[in-house]
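Novice: So that we are looking at the same thing, I have put the structure below in structure tokens.
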Amino acid sequence: MKIAAIAVLSGLLLPQAAQAIDLGGLLDNPKLGNIENNLLGGGGNLSGISNNDQITGLKEALTQGAQSAVSSLAKPNGYLGNPKVTIPLPGNLQKLDALLQQVGLGKYGEDLKTSINRAAEAAVPEAKNLLVGAVKSMTVSDAKGILTGGNDAATQYFKSRTSASIADRFRPIVARAMQKVRLAGTYDRFAAQGEKLGLVSAQDARLEEYITQKAMDGLFTMMAEEEKAIRANPLQATGKIARKVFSAIGH
């Protein structure tokens with residue numbers, strides 16, 4: 001009888017005892033993983049890294065990637081010497097270029113292509129502060145999407161946050177660069193040859209807008225390359241926390 005009474009009493013007391021357990025301590029048990037540390041998702045690989053370190057590491061890597069991409073393009077032949085981002089002649093001028101080459105006037109097209117790429121190389125440094133600003137304003141939600149996303153998740157984030165602002169910064173620089181490298185005069189001479197053949201008008205190509213867009217395309221191409229490289233080999237990241245975070249997600 002006494003044993004039965006004790007059993008009943010234990011059944012009544014156990015729920016209250018369970019409620020009194022420090023759930024915070026239970027969740028912090030290293031064997032179970034800290035739930036707070038899993039806010040950025042990634043499952044068990046990131047469970048041992050705090051939210052703060054995850055975001056800090058990501059920002060380190062993205063800042064490095066943005067600065068490296070800009071630096072690689074903002075130098076002589078940064079665009080022109082890199083087949084991945086070299087800006088070709090606008091489509092409506094390529095046929096003209098092919099014809100001019102056949103009659104020994106290929107120099108016009110080459111000069112124009114060189115000038116177009118020089119204008120892009122002059123404009124691209126303007127992107128650095130905008131890209132770094134996008135990193136600084138990153139939210140926890142943004143970071144989660146990047147860390148758990150594909151190999152170009154960060155590049156897509158930058159595109160969505162900075163494309164319009166970068167284009168606005170690039171246009172006046174491109175316009176000034178066009179004058180500095182005498183691009184307008186080069187184009188006029190090139191177009192004049194096309195007019196003689198009845199193939200093109202001097203107003204056919206909106207070079208300023210064309211160069212702006214292609215310069216942006218090249219920038220994001222190089223940023224995607226940087227991102228892919230760090231995900232594949234985290235040791236390429238210069239920051240210790242960045243190396244730890246990207247090693248953990250194992251992309």
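In the structure tokens, chains take letters A, B, ... by order of appearance, with residues numbered from 1 within each chain and ligands from 1 in the order shown.
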Check the DSSP output for the backbone and give back, as a ChimeraX atom specification, the residues of region 38-219 of chain A in alpha helix (DSSP H).
Specialist: /A:51-73,91-102,106-123,127-136,140-147,153-180,183-196,207-219
Novice: Write to file, as a short mmCIF file (atom, residue, chain, number, x, y, z; two decimals), in the first residue's frame, the residues of the selection just made, with C-alpha atoms.
Specialist:
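Output below, filename out-v6.cif:
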data_model
loop_
_atom_site.label_atom_id
_atom_site.label_comp_id
_atom_site.auth_asym_id
_atom_site.auth_seq_id
_atom_site.Cartn_x
_atom_site.Cartn_y
_atom_site.Cartn_z
CA ASN A 51 25.98 33.55 -34.86
CA ASN A 52 28.38 36.42 -34.37
CA ASP A 53 31.31 34.45 -35.77
CA GLN A 54 29.22 33.19 -38.69
CA ILE A 55 28.26 36.71 -39.72
CA THR A 56 31.73 38.14 -39.02
CA GLY A 57 33.39 35.38 -41.03
CA LEU A 58 31.00 35.84 -43.92
CA LYS A 59 31.57 39.60 -43.97
CA GLU A 60 35.34 39.09 -43.93
CA ALA A 61 35.14 36.78 -46.93
CA LEU A 62 32.75 38.99 -48.89
CA THR A 63 34.79 42.13 -48.28
CA GLN A 64 37.91 40.29 -49.41
CA GLY A 65 36.16 38.99 -52.53
CA ALA A 66 34.74 42.38 -53.48
CA GLN A 67 38.05 44.19 -53.05
CA SER A 68 39.95 41.50 -54.94
CA ALA A 69 37.50 41.53 -57.85
CA VAL A 70 37.66 45.31 -58.17
CA SER A 71 41.46 45.36 -57.90
CA SER A 72 41.85 42.72 -60.60
CA LEU A 73 39.80 44.82 -63.03
CA GLY A 91 26.63 43.51 -81.65
CA ASN A 92 25.59 46.01 -84.31
CA LEU A 93 29.24 46.89 -84.92
CA GLN A 94 30.70 43.41 -85.08
CA LYS A 95 29.55 42.77 -88.66
CA LEU A 96 31.08 46.06 -89.68
CA ASP A 97 34.32 45.12 -87.93
CA ALA A 98 34.44 41.80 -89.79
CA LEU A 99 34.00 43.57 -93.13
CA LEU A 100 36.62 46.19 -92.33
CA GLN A 101 39.11 43.48 -91.40
CA GLN A 102 38.58 41.87 -94.80
CA GLY A 106 40.73 46.06 -88.87
CA LYS A 107 42.68 48.65 -86.88
CA TYR A 108 39.52 50.73 -86.45
CA GLY A 109 37.73 47.92 -84.65
CA GLU A 110 40.74 47.04 -82.50
CA ASP A 111 41.20 50.66 -81.43
CA LEU A 112 37.53 50.93 -80.53
CA LYS A 113 37.55 47.69 -78.54
CA THR A 114 40.64 48.80 -76.62
CA SER A 115 39.08 52.16 -75.82
CA ILE A 116 35.84 50.55 -74.62
CA ASN A 117 37.74 48.31 -72.20
CA ARG A 118 39.90 51.18 -70.97
CA ALA A 119 36.74 53.08 -70.07
CA ALA A 120 35.50 50.09 -68.03
CA GLU A 121 38.85 49.83 -66.24
CA ALA A 122 38.60 53.48 -65.29
CA ALA A 123 35.05 53.14 -63.94
CA ALA A 127 32.13 49.95 -57.15
CA LYS A 128 34.32 49.13 -54.16
CA ASN A 129 32.70 51.36 -51.55
CA LEU A 130 29.21 50.35 -52.68
CA LEU A 131 30.04 46.66 -52.38
CA VAL A 132 31.64 47.09 -48.96
CA GLY A 133 28.60 49.10 -47.87
CA ALA A 134 26.34 46.22 -48.91
CA VAL A 135 28.40 43.89 -46.71
CA LYS A 136 28.11 46.20 -43.71
CA VAL A 140 21.00 37.90 -40.26
CA SER A 141 18.47 36.76 -42.86
CA ASP A 142 20.80 37.83 -45.69
CA ALA A 143 23.68 35.95 -44.09
CA LYS A 144 21.59 32.80 -43.68
CA GLY A 145 20.66 32.85 -47.37
CA ILE A 146 24.28 33.26 -48.42
CA LEU A 147 25.78 30.66 -46.11
CA ALA A 153 24.67 33.18 -53.46
CA ALA A 154 26.81 36.10 -52.30
CA THR A 155 27.25 37.38 -55.85
CA GLN A 156 23.48 37.31 -56.36
CA TYR A 157 23.08 39.23 -53.09
CA PHE A 158 25.47 41.90 -54.32
CA LYS A 159 23.67 42.12 -57.66
CA SER A 160 20.30 42.66 -56.04
CA ARG A 161 21.61 45.25 -53.57
CA THR A 162 24.09 47.26 -55.63
CA SER A 163 23.42 47.01 -59.39
CA ALA A 164 21.39 50.22 -59.67
CA SER A 165 23.81 52.25 -57.53
CA ILE A 166 26.87 50.91 -59.34
CA ALA A 167 25.35 51.78 -62.71
CA ASP A 168 24.67 55.33 -61.50
CA ARG A 169 28.30 55.64 -60.35
CA PHE A 170 29.72 54.09 -63.51
CA ARG A 171 27.94 56.23 -66.10
CA PRO A 172 29.65 59.58 -65.44
CA ILE A 173 33.03 57.87 -65.04
CA VAL A 174 32.53 56.05 -68.33
CA ALA A 175 31.54 59.31 -70.00
CA ARG A 176 34.69 61.04 -68.74
CA ALA A 177 36.84 58.04 -69.61
CA MET A 178 35.40 58.04 -73.12
CA GLN A 179 36.73 61.55 -73.56
CA LYS A 180 40.03 60.80 -71.82
CA LEU A 183 36.75 56.93 -77.39
CA ALA A 184 34.24 59.25 -78.99
CA GLY A 185 36.71 60.12 -81.73
CA THR A 186 37.69 56.49 -82.20
CA TYR A 187 34.06 55.52 -82.55
CA ASP A 188 33.39 58.36 -84.97
CA ARG A 189 36.19 57.16 -87.23
CA PHE A 190 34.96 53.58 -86.99
CA ALA A 191 31.35 54.53 -87.66
CA ALA A 192 32.39 56.73 -90.56
CA GLN A 193 33.76 53.66 -92.32
CA GLY A 194 30.45 51.92 -91.73
CA GLU A 195 28.49 54.84 -93.09
CA LYS A 196 30.48 54.67 -96.31
CA LEU A 207 28.30 53.29 -76.12
CA GLU A 208 28.00 54.84 -72.65
CA GLU A 209 25.15 52.57 -71.60
CA TYR A 210 26.72 49.56 -73.31
CA ILE A 211 30.06 50.00 -71.53
CA THR A 212 28.35 50.58 -68.17
CA GLN A 213 26.38 47.34 -68.39
CA LYS A 214 29.30 45.27 -69.66
CA ALA A 215 31.61 46.67 -66.99
CA MET A 216 29.08 45.59 -64.35
CA ASP A 217 28.73 42.15 -65.92
CA GLY A 218 32.50 41.70 -65.76
CA LEU A 219 32.64 42.83 -62.15
#
Novice: Using CA of Thr221 (chain A) and CA of Lys84 (chain A) as the two end points, give the distance in Å to one decimal.
Specialist: 7.8 Å
Novice: Which value, in Å to one decimal, gives the distance between CA of Gly48 (chain A) and CA of Gly250 (chain A)?
Specialist: 13.9 Å
Novice: Work out how far apart CA of Ala242 (chain A) and CA of Gly78 (chain A) are and give it in Å to one decimal.
Specialist: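 Distance between the two atoms: 26.8 Å.
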Novice: Excluding Arg243 (chain A) and its own-chain neighbours fewer than 4 positions away, which residues fall within 10 Å of it when counting only C-alpha atoms? Please give them as a PyMOL selection string.
Specialist: chain A and resi 57-58+60-61+230-231+233-239+247-248
Novice: Have a look at A:Met222, A:Leu89, A:Ala229, A:Val103 and name the one nearest to Asn151 (chain A); count only C-alpha atoms.
Specialist: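 Comparing A:Met222, A:Leu89, A:Ala229, A:Val103 against Asn151 (chain A), the winner is A:Ala229.
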